[in-house]
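Undergrad: My file is target06.txt. It has compact mmCIF, C-alpha atoms:
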# COMPACT_ATOMS: atom_id res chain seq x y z
CA MET A 456 361.50 183.57 190.70
CA LYS A 457 358.78 185.70 189.20
CA ILE A 458 356.15 183.20 190.31
CA ILE A 459 357.53 183.11 193.88
CA LEU A 460 357.46 186.90 194.03
CA LYS A 461 353.91 186.83 192.75
CA TYR A 462 352.83 184.38 195.44
CA ILE A 463 354.50 186.46 198.15
CA SER A 464 352.86 189.64 196.91
CA VAL A 465 349.45 187.90 196.79
CA PHE A 466 349.97 186.63 200.34
CA ILE A 467 350.95 190.08 201.64
CA LEU A 468 347.96 191.61 199.88
CA PHE A 469 345.69 188.96 201.41
CA ILE A 470 346.94 189.71 204.92
CA TYR A 471 346.62 193.48 204.53
CA MET A 472 343.19 193.25 202.93
CA LEU A 473 342.09 190.93 205.71
CA LEU A 474 343.36 193.45 208.26
CA ILE A 475 341.49 196.25 206.53
CA PHE A 476 338.22 194.35 206.14
CA LEU A 477 338.40 192.72 209.56
CA PRO A 478 335.48 193.88 211.75
CA LYS A 479 337.81 195.24 214.41
CA GLU A 480 335.10 196.93 216.40
CA ASN A 481 333.17 193.66 216.63
CA LEU A 482 336.33 191.79 217.54
CA TYR A 483 336.78 194.27 220.36
CA TYR A 484 333.22 193.61 221.56
CA PHE A 485 334.01 189.89 221.48
CA ALA A 486 337.10 190.53 223.62
CA LEU A 487 334.94 192.56 226.03
CA GLU A 488 332.57 189.60 226.41
CA LYS A 489 335.50 187.31 227.26
CA LEU A 490 336.93 189.83 229.73
CA ALA A 491 333.52 190.24 231.38
CA GLU A 492 333.64 186.53 232.23
CA ASP A 493 336.68 187.33 234.38
CA LYS A 494 334.86 190.33 235.92
CA ILE A 495 336.97 192.79 233.95
CA GLU A 496 335.00 195.64 232.44
CA LEU A 497 336.16 198.15 229.87
CA THR A 498 334.01 201.11 229.02
CA ASN A 499 334.83 203.54 226.26
CA ILE A 500 333.43 206.81 225.17
CA LYS A 501 334.66 206.32 221.59
CA VAL A 502 335.78 203.27 219.57
CA GLN A 503 337.23 204.03 216.16
CA ASP A 504 338.11 201.59 213.38
CA LYS A 505 341.03 203.11 211.50
CA TYR A 506 341.68 200.59 208.67
CA ILE A 507 344.69 198.80 210.15
CA SER A 508 344.27 199.94 213.73
CA LEU A 509 341.63 200.29 216.40
CA VAL A 510 341.58 203.37 218.62
CA LEU A 511 339.84 203.41 221.99
CA GLU A 512 339.36 206.77 223.64
CA ASN A 513 338.72 207.48 227.31
CA THR A 514 338.69 203.94 228.55
CA ASN A 515 337.76 203.08 232.11
CA ILE A 516 338.90 199.75 233.47
CA LYS A 517 336.94 198.12 236.24
CA TYR A 518 337.62 194.90 238.10
CA GLU A 519 334.73 193.45 240.07
CA LYS A 520 332.93 196.77 239.49
CA ILE A 521 335.75 198.64 241.19
CA LYS A 522 337.34 201.27 239.02
CA VAL A 523 341.01 200.40 238.67
CA ALA A 524 342.34 202.78 236.05
CA SER A 525 341.49 205.16 233.26
CA ILE A 526 343.29 205.48 229.94
CA GLU A 527 343.02 208.45 227.64
CA ASN A 528 343.97 206.66 224.44
CA ILE A 529 344.68 203.08 223.37
CA GLU A 530 345.79 202.22 219.86
CA ILE A 531 345.87 198.59 218.77
CA LYS A 532 347.76 198.28 215.53
CA SER A 533 348.60 195.11 213.67
CA LEU A 534 351.30 195.17 211.07
CA LEU A 535 351.93 192.03 209.11
CA PHE A 536 354.37 190.34 211.51
CA GLN A 537 354.02 192.59 214.49
CA THR A 538 351.25 193.80 216.77
CA ASN A 539 351.57 197.00 218.76
CA ILE A 540 349.42 198.28 221.57
CA ILE A 541 350.16 201.86 222.53
CA ILE A 542 348.61 203.12 225.74
CA ASP A 543 348.70 206.85 226.42
CA ASN A 544 348.06 208.60 229.73
CA LEU A 545 347.24 205.76 232.04
CA LYS A 546 346.01 206.78 235.46
CA VAL A 547 345.66 204.17 238.14
CA GLN A 548 343.16 204.80 240.95
CA LYS A 549 344.80 206.56 243.88
CA SER A 550 343.98 203.74 246.25
CA LEU A 551 346.02 201.32 244.14
CA LYS A 552 349.07 203.47 243.79
CA LYS A 553 350.91 201.33 246.29
CA PHE A 554 350.87 198.39 243.90
CA LEU A 555 351.19 200.11 240.57
CA PRO A 556 352.77 203.29 239.25
CA TYR A 557 350.13 205.95 239.69
CA ASP A 558 350.30 207.76 236.40
CA MET A 559 352.15 206.98 233.20
CA LYS A 560 352.54 208.93 230.00
CA SER A 561 352.78 205.93 227.72
CA ILE A 562 353.14 202.17 227.55
CA LYS A 563 354.10 200.30 224.41
CA ILE A 564 353.38 196.59 224.18
CA THR A 565 354.86 194.77 221.19
CA HIS A 566 354.44 191.21 220.02
CA SER A 567 356.17 189.82 216.97
CA ILE A 568 355.49 186.58 215.10
CA LEU A 569 359.24 186.27 214.57
CA ASN A 570 359.70 185.96 218.33
CA PRO A 571 356.31 184.66 219.48
CA LEU A 572 357.28 183.76 223.05
CA VAL A 573 358.30 187.28 223.99
CA ILE A 574 356.07 190.26 224.69
CA ASP A 575 357.98 193.50 224.92
CA ILE A 576 356.57 196.13 227.28
CA LYS A 577 358.09 199.60 227.39
CA LEU A 578 357.06 202.12 230.01
CA SER A 579 357.68 205.83 229.75
CA LYS A 580 358.27 206.14 233.49
CA GLN A 581 360.44 204.03 235.70
CA PHE A 582 358.93 202.89 238.91
CA LYS A 583 359.94 200.99 241.98
CA ILE A 584 358.12 197.74 242.47
CA LYS A 585 357.14 197.62 246.10
CA ASN A 586 354.85 194.67 246.05
CA LYS A 587 356.67 191.55 247.21
CA GLU A 588 354.08 189.25 245.64
CA LEU A 589 354.69 190.80 242.25
CA MET A 590 358.46 190.60 242.69
CA LYS A 591 358.27 186.82 242.81
CA TYR A 592 357.48 186.74 239.12
CA LEU A 593 360.01 189.31 238.04
CA THR A 594 363.68 188.83 237.39
CA LYS A 595 366.00 191.77 237.05
CA THR A 596 367.92 192.02 233.80
CA GLU A 597 370.22 194.66 232.35
CA ASP A 598 367.33 196.34 230.58
CA GLY A 599 364.87 196.22 233.41
CA TYR A 600 362.56 193.57 234.81
CA ARG A 601 361.48 190.44 233.00
CA TYR A 602 358.15 188.84 233.77
CA GLU A 603 358.29 185.09 233.54
CA TYR A 604 355.29 182.90 233.44
CA LYS A 605 355.21 179.23 232.51
CA PHE A 606 352.20 177.85 230.72
CA MET B 1299 346.52 196.35 165.30
CA GLY B 1300 343.18 195.76 167.04
CA ILE B 1301 344.08 192.06 167.73
CA VAL B 1302 347.31 193.14 169.54
CA MET B 1303 345.29 195.47 171.81
CA ASN B 1304 342.96 192.58 172.80
CA ILE B 1305 345.89 190.34 173.77
CA ASN B 1306 347.35 193.10 175.98
CA PHE B 1307 344.02 193.59 177.76
CA ASN B 1308 343.69 189.88 178.41
CA ASP B 1309 347.20 189.80 179.81
CA ILE B 1310 346.41 192.62 182.22
CA VAL B 1311 343.25 190.85 183.40
CA LYS B 1312 345.22 187.62 183.79
CA GLN B 1313 347.88 189.41 185.80
CA LEU B 1314 345.37 191.18 188.06
CA LEU B 1315 342.94 188.31 188.54
CA PRO B 1316 344.80 186.60 191.44
CA TYR B 1317 344.98 189.96 193.28
CA VAL B 1318 341.30 190.65 192.73
CA VAL B 1319 340.42 187.13 193.89
CA THR B 1320 342.63 187.65 196.97
CA VAL B 1321 340.86 190.89 197.83
CA LEU B 1322 337.47 189.22 197.38
CA LEU B 1323 338.53 186.22 199.43
CA SER B 1324 339.72 188.40 202.32
CA PHE B 1325 336.46 190.35 202.14
CA ILE B 1326 334.41 187.13 202.28
CA ILE B 1327 336.40 185.83 205.27
CA ALA B 1328 336.01 189.17 207.09
CA SER B 1329 332.27 189.20 206.33
CA GLY B 1330 331.92 185.65 207.65
CA LEU B 1331 333.69 186.72 210.80
CA TYR B 1332 331.40 189.73 211.09
CA MET B 1333 328.35 187.44 211.04
CA TYR B 1334 329.74 185.45 213.96
CA LEU B 1335 330.99 188.34 216.12
CA PRO B 1336 328.79 190.39 218.50
CA LYS B 1337 327.43 193.60 217.00
CA THR B 1338 327.40 195.66 220.18
CA ALA B 1339 329.36 195.89 223.39
CA PRO B 1340 328.12 193.60 226.17
CA ILE B 1341 325.49 195.26 228.32
CA VAL B 1342 326.75 195.62 231.83
CA LEU B 1343 324.03 195.69 234.41
CA ASP B 1344 324.64 198.51 236.76
CA ASN B 1345 323.47 197.25 240.12
CA GLN B 1346 324.74 200.29 241.91
CA GLN B 1347 322.61 201.48 244.72
CA LYS B 1348 320.42 204.43 244.18
CA ASN B 1349 320.40 205.36 247.85
CA ILE B 1350 320.81 209.01 248.56
CA LYS B 1351 324.20 209.76 249.98
CA TYR B 1352 324.16 210.45 253.69
CA ASN B 1353 324.68 214.10 254.39
CA ARG B 1354 324.15 216.00 257.54
CA TYR B 1355 322.74 219.38 256.65
CA GLN B 1356 324.95 222.07 258.05
CA VAL B 1357 323.61 225.58 257.72
CA GLU B 1358 326.90 227.15 258.71
CA LYS B 1359 328.76 225.38 255.93
CA SER B 1360 326.13 226.02 253.28
CA PHE B 1361 325.94 229.77 253.74
CA LYS B 1362 329.42 230.26 255.17
CA GLU B 1363 327.90 232.24 257.94
CA LYS B 1364 327.83 231.75 261.61
CA ILE B 1365 324.36 231.46 262.87
CA LYS B 1366 323.66 232.74 266.31
CA ALA B 1367 322.07 230.27 268.53
CA VAL B 1368 318.54 231.18 269.46
CA THR B 1369 318.31 231.53 273.15
CA LYS B 1370 315.02 230.50 274.53
CA PRO B 1371 314.10 230.37 278.14
CA ARG B 1372 314.33 226.83 279.25
CA VAL B 1373 311.09 225.29 280.30
CA VAL B 1374 311.70 222.73 282.93
CA THR B 1375 308.91 220.29 283.34
CA LYS B 1376 308.83 218.29 286.42
CA SER B 1377 307.68 214.76 286.06
CA LYS B 1378 307.12 212.19 288.62
CA SER B 1379 309.19 209.14 288.01
CA TYR B 1380 309.58 206.00 289.91
CA GLN B 1381 312.85 205.95 291.80
CA LEU B 1382 314.30 202.51 291.57
CA ILE B 1383 317.10 203.42 293.94
CA ASN B 1384 314.82 204.37 296.79
CA ASN B 1385 312.00 201.98 296.41
CA ILE B 1386 313.25 198.47 295.94
CA ILE B 1387 315.46 195.99 297.70
CA LEU B 1388 317.18 193.22 295.84
CA LYS B 1389 316.53 190.14 297.93
CA ALA B 1390 317.79 187.24 295.88
CA ILE B 1391 319.45 186.36 292.59
CA PHE B 1392 319.12 183.02 290.90
CA ALA B 1393 321.49 183.24 287.95
CA LEU B 1394 321.81 180.60 285.25
CA PRO B 1395 324.12 180.55 282.22
CA ASN B 1396 323.10 182.40 279.03
CA ASN B 1397 321.50 185.27 280.90
CA LYS B 1398 318.75 183.10 282.31
CA GLY B 1399 317.34 182.90 285.81
CA PHE B 1400 315.22 185.13 288.01
CA ILE B 1401 315.50 187.64 290.81
CA THR B 1402 313.40 188.58 293.78
CA ILE B 1403 312.84 192.19 294.75
CA ILE B 1404 310.77 193.82 297.44
CA GLU B 1405 309.04 197.09 296.97
CA LYS B 1406 309.61 199.17 300.11
CA SER B 1407 306.34 201.06 300.06
CA SER B 1408 304.10 198.05 299.83
CA SER B 1409 306.48 195.30 301.07
CA VAL B 1410 305.26 193.23 298.18
CA MET B 1411 307.69 190.71 296.82
CA HIS B 1412 308.15 190.48 293.04
CA THR B 1413 309.87 187.80 291.03
CA LEU B 1414 311.28 188.90 287.71
CA GLU B 1415 312.86 187.11 284.75
CA VAL B 1416 315.03 188.61 282.03
CA ASN B 1417 313.03 191.06 279.87
CA ASP B 1418 310.32 191.43 282.51
CA VAL B 1419 309.32 195.03 283.12
CA PHE B 1420 308.87 196.46 286.57
CA LYS B 1421 307.59 200.05 286.80
CA ASN B 1422 309.08 200.83 283.35
CA TYR B 1423 312.44 199.31 284.32
CA LYS B 1424 313.24 196.35 282.14
CA LEU B 1425 315.40 193.60 283.57
CA LYS B 1426 318.20 193.28 281.03
CA LYS B 1427 320.83 191.00 282.53
CA ILE B 1428 321.31 188.78 285.53
CA TYR B 1429 324.79 188.32 286.95
CA PRO B 1430 325.68 186.23 290.03
CA SER B 1431 326.15 189.31 292.23
CA TYR B 1432 324.15 192.03 290.52
CA VAL B 1433 321.46 192.73 287.96
CA VAL B 1434 321.08 195.36 285.26
CA PHE B 1435 317.86 197.20 284.53
CA ILE B 1436 317.31 199.45 281.54
CA LYS B 1437 315.01 202.40 281.20
CA SER B 1438 314.93 204.75 278.18
CA GLY B 1439 318.46 203.90 277.10
CA THR B 1440 319.96 204.22 280.56
CA GLU B 1441 321.23 201.23 282.41
CA TYR B 1442 320.86 200.78 286.16
CA LYS B 1443 322.99 198.36 288.04
CA LEU B 1444 321.48 196.90 291.19
CA THR B 1445 324.03 195.16 293.37
CA MET B 1446 323.86 192.93 296.41
CA ILE B 1447 326.93 194.05 298.32
CA ASP B 1448 326.83 191.51 301.09
CA SER B 1449 324.23 188.90 301.54
CA LYS B 1450 324.62 189.20 305.35
CA GLU B 1451 323.74 192.87 305.28
CA LYS B 1452 320.24 192.48 304.08
CA GLY B 1453 318.74 195.35 302.27
CA ARG B 1454 322.00 197.12 301.41
CA TYR B 1455 322.59 197.77 297.80
CA THR B 1456 324.15 200.28 295.49
CA ILE B 1457 322.92 201.58 292.19
CA GLU B 1458 325.32 202.83 289.54
CA LYS B 1459 324.07 204.74 286.59
CA GLN B 1460 325.59 203.67 283.32
CA GLN B 1461 324.87 205.55 280.15
CA ALA B 1462 324.22 203.17 277.30
CA GLN B 1463 326.52 205.02 274.98
CA ILE B 1464 328.69 203.64 272.27
CA ILE B 1465 331.70 205.54 273.46
CA GLU B 1466 332.52 205.82 277.10
CA GLN B 1467 333.93 209.12 278.23
CA SER B 1468 337.12 207.48 279.40
CA LYS B 1469 337.75 206.18 275.92
CA LEU B 1470 337.49 209.59 274.31
CA VAL B 1471 340.83 210.74 273.08
CA GLU B 1472 342.15 213.96 271.68
CA ASP B 1473 341.12 213.04 268.16
CA ILE B 1474 337.51 212.48 269.02
CA SER B 1475 335.67 215.19 270.88
CA LYS B 1476 332.11 215.76 271.84
CA ASN B 1477 329.99 218.80 271.13
CA GLU B 1478 326.30 219.62 271.29
CA ASP B 1479 325.48 217.75 268.08
CA GLY B 1480 327.44 214.63 268.85
CA TYR B 1481 330.94 213.32 268.29
CA VAL B 1482 333.53 215.06 266.16
CA LEU B 1483 336.34 213.16 264.51
CA LYS B 1484 339.55 214.84 263.39
CA LYS B 1485 340.12 214.51 259.65
CA SER B 1486 343.86 214.18 260.17
CA LEU B 1487 343.16 210.91 261.92
CA LEU B 1488 341.92 209.41 258.68
CA ASN B 1489 344.94 210.49 256.62
CA LYS B 1490 346.94 207.51 257.80
CA TYR B 1491 344.43 205.26 256.05
CA THR B 1492 343.83 207.30 252.94
CA GLU B 1493 347.55 207.57 252.28
CA ASN B 1494 348.16 203.87 252.64
CA PHE B 1495 345.53 201.26 252.01
CA ASP B 1496 347.55 198.60 253.87
CA ASN B 1497 347.29 200.48 257.18
CA ILE B 1498 343.65 199.51 257.38
CA TRP B 1499 344.37 195.80 257.29
CA LYS B 1500 347.08 196.15 259.94
CA GLU B 1501 344.43 197.27 262.39
CA ILE B 1502 341.24 195.55 261.40
CA ALA B 1503 340.24 192.21 259.92
CA ILE B 1504 336.85 191.96 258.29
CA LYS B 1505 335.01 189.16 256.58
CA GLU B 1506 331.97 189.36 254.37
CA ILE B 1507 328.68 187.96 255.67
CA GLU B 1508 326.58 186.32 253.00
CA LYS B 1509 322.83 185.98 252.96
CA ASP B 1510 321.27 183.98 250.10
CA GLY B 1511 324.52 184.24 248.16
CA VAL B 1512 324.65 188.02 248.44
CA ILE B 1513 326.98 189.99 250.70
CA ASP B 1514 325.01 191.38 253.63
CA GLY B 1515 327.63 193.32 255.55
CA PHE B 1516 331.15 192.85 256.84
CA LYS B 1517 331.92 191.26 260.20
CA ILE B 1518 334.83 192.48 262.28
CA GLY B 1519 337.05 189.53 263.06
CA ASN B 1520 339.90 191.31 264.75
CA LEU B 1521 340.66 194.78 265.94
CA SER B 1522 343.88 196.40 267.06
CA LYS B 1523 343.60 198.06 270.46
CA LYS B 1524 345.12 201.35 269.37
CA SER B 1525 343.30 201.61 266.08
CA ILE B 1526 340.91 204.34 265.06
CA PHE B 1527 338.23 201.71 264.59
CA LYS B 1528 338.38 200.88 268.27
CA LYS B 1529 338.24 204.57 269.15
CA LEU B 1530 335.20 204.93 266.92
CA GLY B 1531 333.42 202.43 269.09
CA LEU B 1532 333.61 199.33 266.93
CA LYS B 1533 333.96 195.96 268.60
CA ILE B 1534 334.98 192.48 267.51
CA GLY B 1535 331.92 190.68 266.21
CA ASP B 1536 330.15 193.81 264.97
CA ILE B 1537 328.63 193.52 261.52
CA ILE B 1538 328.94 196.74 259.55
CA LYS B 1539 325.82 197.05 257.43
CA SER B 1540 326.17 200.47 255.87
CA VAL B 1541 328.33 203.55 255.86
CA ASN B 1542 326.86 206.94 254.93
CA ASN B 1543 323.74 205.27 253.57
CA ILE B 1544 325.76 203.03 251.24
CA SER B 1545 324.84 199.43 252.05
CA LEU B 1546 327.81 197.13 252.10
CA THR B 1547 326.48 194.56 249.67
CA SER B 1548 329.65 194.15 247.62
CA TYR B 1549 333.35 194.84 247.68
CA GLU B 1550 332.62 197.55 245.14
CA GLN B 1551 330.55 199.46 247.69
CA ALA B 1552 333.23 199.01 250.36
CA PHE B 1553 335.84 200.31 247.97
CA LYS B 1554 333.65 203.24 247.01
CA ILE B 1555 333.43 204.28 250.64
CA TYR B 1556 337.20 204.05 250.97
CA ALA B 1557 337.66 206.17 247.85
CA ASP B 1558 335.31 208.84 249.25
CA ILE B 1559 336.88 209.08 252.71
CA GLU B 1560 338.80 212.25 251.85
CA SER B 1561 335.67 214.15 250.87
CA MET B 1562 333.54 212.94 253.77
CA ASP B 1563 332.14 215.48 256.21
CA ASN B 1564 330.17 212.98 258.20
CA LEU B 1565 330.50 209.35 259.08
CA HIS B 1566 327.31 207.47 259.70
CA MET B 1567 327.61 203.75 260.31
CA VAL B 1568 324.87 201.22 260.84
CA LEU B 1569 325.98 198.03 262.49
CA ILE B 1570 324.62 194.94 264.15
CA ARG B 1571 325.90 194.13 267.61
CA ASN B 1572 324.49 191.23 269.59
CA ASN B 1573 321.60 190.98 267.11
CA LYS B 1574 320.67 194.59 267.72
CA GLN B 1575 320.99 197.40 265.25
CA MET B 1576 323.16 200.29 266.34
CA GLU B 1577 324.22 203.51 264.73
CA LEU B 1578 327.45 205.47 264.97
CA ASP B 1579 327.39 209.08 263.96
CA TYR B 1580 330.39 211.37 263.63
CA GLU B 1581 331.16 214.71 262.17
CA ILE B 1582 334.54 214.86 260.47
CA LYS B 1583 336.45 218.11 260.85
Using the file provided, produce a representation of the structure as structure tokens.
TA:
Amino acid sequence: MKIILKYISVFILFIYMLLIFLPKENLYYFALEKLAEDKIELTNIKVQDKYISLVLENTNIKYEKIKVASIENIEIKSLLFQTNIIIDNLKVQKSLKKFLPYDMKSIKITHSILNPLVIDIKLSKQFKIKNKELMKYLTKTEDGYRYEYKF
Amino acid sequence: MGIVMNINFNDIVKQLLPYVVTVLLSFIIASGLYMYLPKTAPIVLDNQQKNIKYNRYQVEKSFKEKIKAVTKPRVVTKSKSYQLINNIILKAIFALPNNKGFITIIEKSSSVMHTLEVNDVFKNYKLKKIYPSYVVFIKSGTEYKLTMIDSKEKGRYTIEKQQAQIIEQSKLVEDISKNEDGYVLKKSLLNKYTENFDNIWKEIAIKEIEKDGVIDGFKIGNLSKKSIFKKLGLKIGDIIKSVNNISLTSYEQAFKIYADIESMDNLHMVLIRNNKQMELDYEIK
């Protein structure tokens, strides 16, 4: 039993140490390169590596050079079995407000290894989805809308 | 006593060793990853245009003062100009498809017969178009229509003056007015489009025109009869090249113009119609 506990503790330590030492800023740059291939551009005024999380401040999102939205703060945090992305103060460009909610206080995206096929998205503001194209992919549940996509 | 201390120390090292190795191992893996990953953010080439934004300088707006118009005595200069209406007779038209053919005219004063083709110039009047029953001359932006009313009544003709303007007076509506400086467009007219992006596509269909793989303007494919675009003077087939000095070389530029509509005081459009460059100029109030 002692040995098993020792192995578990070593494993947990390994994961946490890896998370701490991980070059998160560079990983973010790598993600930016991949997004740029799909014409998605993210520009930040400040990128901060905070041991187990990465904080992006004042992010502008552009698609095909067209500014789509701006986000005041994004925090990407990975905890052993769970990854959280917390987006604060998202403002979509006025011209796109027909398709997306114009301004939102916060969005929380959660992914857990225990339930790998589900990504949980929580929005601080409820909004009516007007776009019929988008509705095709959403099914209404008791909690809200569920986005279904088959790989 | 000293031997016991040594054993305890060894035990501690033995206990901690796997943790230390784990920390080192994670550090080595992270370092390896660091070597592979990019060190800086990808450089995005900003190909935005550096053209100066189109702005019509308005003294009244700048100083918030009304400036009195300077009244100067008008100097009328009389100039002798050739009167097409009085001096020529359209004798014959030989019209072919694609604006080809020739016409025969007789100058009254000299009774000399002249044969002209399209683009030929006669006394500063350029023959622009040949139709089966009439011809159109152009002189300093003004079109002159020379008609053969009845072939039996030789020598009778009518001339109608047509201003080569983008907007005909009859098409002017309440929302677009004309003043000394040009055409004035009501800002409220644009609200419909700024409030809802979709309203644009209900009234106009445009398609990008590519030249050497780069967008070189947007061609109007369809236009609703009651739309603002029609009122502005746009026509199906027009290629919009630039708006307010922003060349339409990408969707980004087109979107930028749309985003700036609310703050626009002027609307200056450069377009290609029938292979000729034209300009539309409006003040937005």
Undergrad: May I ask which of the residues A:Asn513, A:Asn570, A:Thr596, A:Gln548 is the closest one to chain B, counting only C-alpha atoms?
TA: A:Gln548
Undergrad: Go through chain A residue by residue and, counting all atoms listed in the file, keep those with an atom at most 7 Å from chain B; for each kept residue give the shortest atom pair and its distance in Å to one decimal, ordered by chain and increasing number, as JSON lines.
TA:
{"residue": "A:Val465", "atom": "CA", "partner": "B:Tyr1317", "partner_atom": "CA", "distance": 6.0}
{"residue": "A:Phe469", "atom": "CA", "partner": "B:Thr1320", "partner_atom": "CA", "distance": 5.5}
{"residue": "A:Met472", "atom": "CA", "partner": "B:Ser1324", "partner_atom": "CA", "distance": 6.0}
{"residue": "A:Leu473", "atom": "CA", "partner": "B:Ser1324", "partner_atom": "CA", "distance": 4.8}
{"residue": "A:Phe476", "atom": "CA", "partner": "B:Ala1328", "partner_atom": "CA", "distance": 5.7}
{"residue": "A:Leu477", "atom": "CA", "partner": "B:Ala1328", "partner_atom": "CA", "distance": 4.9}
{"residue": "A:Pro478", "atom": "CA", "partner": "B:Tyr1332", "partner_atom": "CA", "distance": 5.9}
{"residue": "A:Asn481", "atom": "CA", "partner": "B:Lys1337", "partner_atom": "CA", "distance": 5.8}
{"residue": "A:Leu482", "atom": "CA", "partner": "B:Leu1335", "partner_atom": "CA", "distance": 6.5}
{"residue": "A:Tyr484", "atom": "CA", "partner": "B:Ala1339", "partner_atom": "CA", "distance": 4.8}
{"residue": "A:Phe485", "atom": "CA", "partner": "B:Pro1336", "partner_atom": "CA", "distance": 6.0}
{"residue": "A:Leu487", "atom": "CA", "partner": "B:Pro1340", "partner_atom": "CA", "distance": 6.9}
{"residue": "A:Glu488", "atom": "CA", "partner": "B:Pro1340", "partner_atom": "CA", "distance": 6.0}
{"residue": "A:Glu519", "atom": "CA", "partner": "B:Glu1550", "partner_atom": "CA", "distance": 6.9}
{"residue": "A:Lys520", "atom": "CA", "partner": "B:Glu1550", "partner_atom": "CA", "distance": 5.7}
{"residue": "A:Ile521", "atom": "CA", "partner": "B:Glu1550", "partner_atom": "CA", "distance": 5.2}
{"residue": "A:Ser550", "atom": "CA", "partner": "B:Phe1495", "partner_atom": "CA", "distance": 6.5}
Undergrad: Looking at B:Phe1527, B:Phe1516, B:Tyr1442, B:Tyr1481, which one is nearest to Asn1497 of chain B, with distances taken over all atoms listed in the file?
TA: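 Looking only at the distances to Asn1497 of chain B, the closest residue turns out to be B:Phe1527.
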Undergrad: What does the distance between atom CA of Lys1485 of chain B and atom CA of Lys1529 of chain B come to in Å, to one decimal place?
TA: 13.9 Å
Undergrad: Report, in Å to a single decimal, how far apart atom CA of Ser1540 of chain B and atom CA of Ala491 of chain A are.
TA: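 Between these atoms lies a distance of 27.5 Å.
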Undergrad: Within 10 Å of segment 1396-1400 of chain B, counting all atoms listed in the file, which residues show up once you throw out same-chain ones fewer than 5 positions away? Write them as an mmCIF file with C-alpha atoms, in the frame of the given file, please.
TA:
data_model
loop_
_atom_site.group_PDB
_atom_site.id
_atom_site.type_symbol
_atom_site.label_atom_id
_atom_site.label_comp_id
_atom_site.auth_asym_id
_atom_site.auth_seq_id
_atom_site.Cartn_x
_atom_site.Cartn_y
_atom_site.Cartn_z
ATOM 1 C CA ALA B 1390 317.790 187.240 295.880
ATOM 2 C CA ILE B 1391 319.450 186.360 292.590
ATOM 3 C CA THR B 1413 309.870 187.800 291.030
ATOM 4 C CA LEU B 1414 311.280 188.900 287.710
ATOM 5 C CA GLU B 1415 312.860 187.110 284.750
ATOM 6 C CA VAL B 1416 315.030 188.610 282.030
ATOM 7 C CA ASP B 1418 310.320 191.430 282.510
ATOM 8 C CA LEU B 1425 315.400 193.600 283.570
ATOM 9 C CA LYS B 1426 318.200 193.280 281.030
ATOM 10 C CA LYS B 1427 320.830 191.000 282.530
ATOM 11 C CA ILE B 1428 321.310 188.780 285.530
ATOM 12 C CA TYR B 1429 324.790 188.320 286.950
ATOM 13 C CA PRO B 1430 325.680 186.230 290.030
ATOM 14 C CA VAL B 1433 321.460 192.730 287.960
#
Undergrad: Applying 8 Å and all atoms listed in the file, which residues near segment 1571-1576 of chain B remain after dropping the ones on its own chain fewer than 4 positions away? List them as a list of chain:residue names.
TA: B:Gly1535, B:Asp1536, B:Ile1537
Undergrad: To one decimal in Å, tell me the separation between atom CA of Lys1509 of chain B and atom CA of Leu1546 of chain B.
TA: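 Distance reported for this atom pair: 12.2 Å.
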Undergrad: For Lys461 of chain A, which residue among B:Lys1406, B:Leu1315, B:Asn1308, B:Gly1439 is the nearest when counting only C-alpha atoms?
TA: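 Between B:Lys1406, B:Leu1315, B:Asn1308, B:Gly1439, the residue approaching Lys461 of chain A most closely is B:Leu1315.
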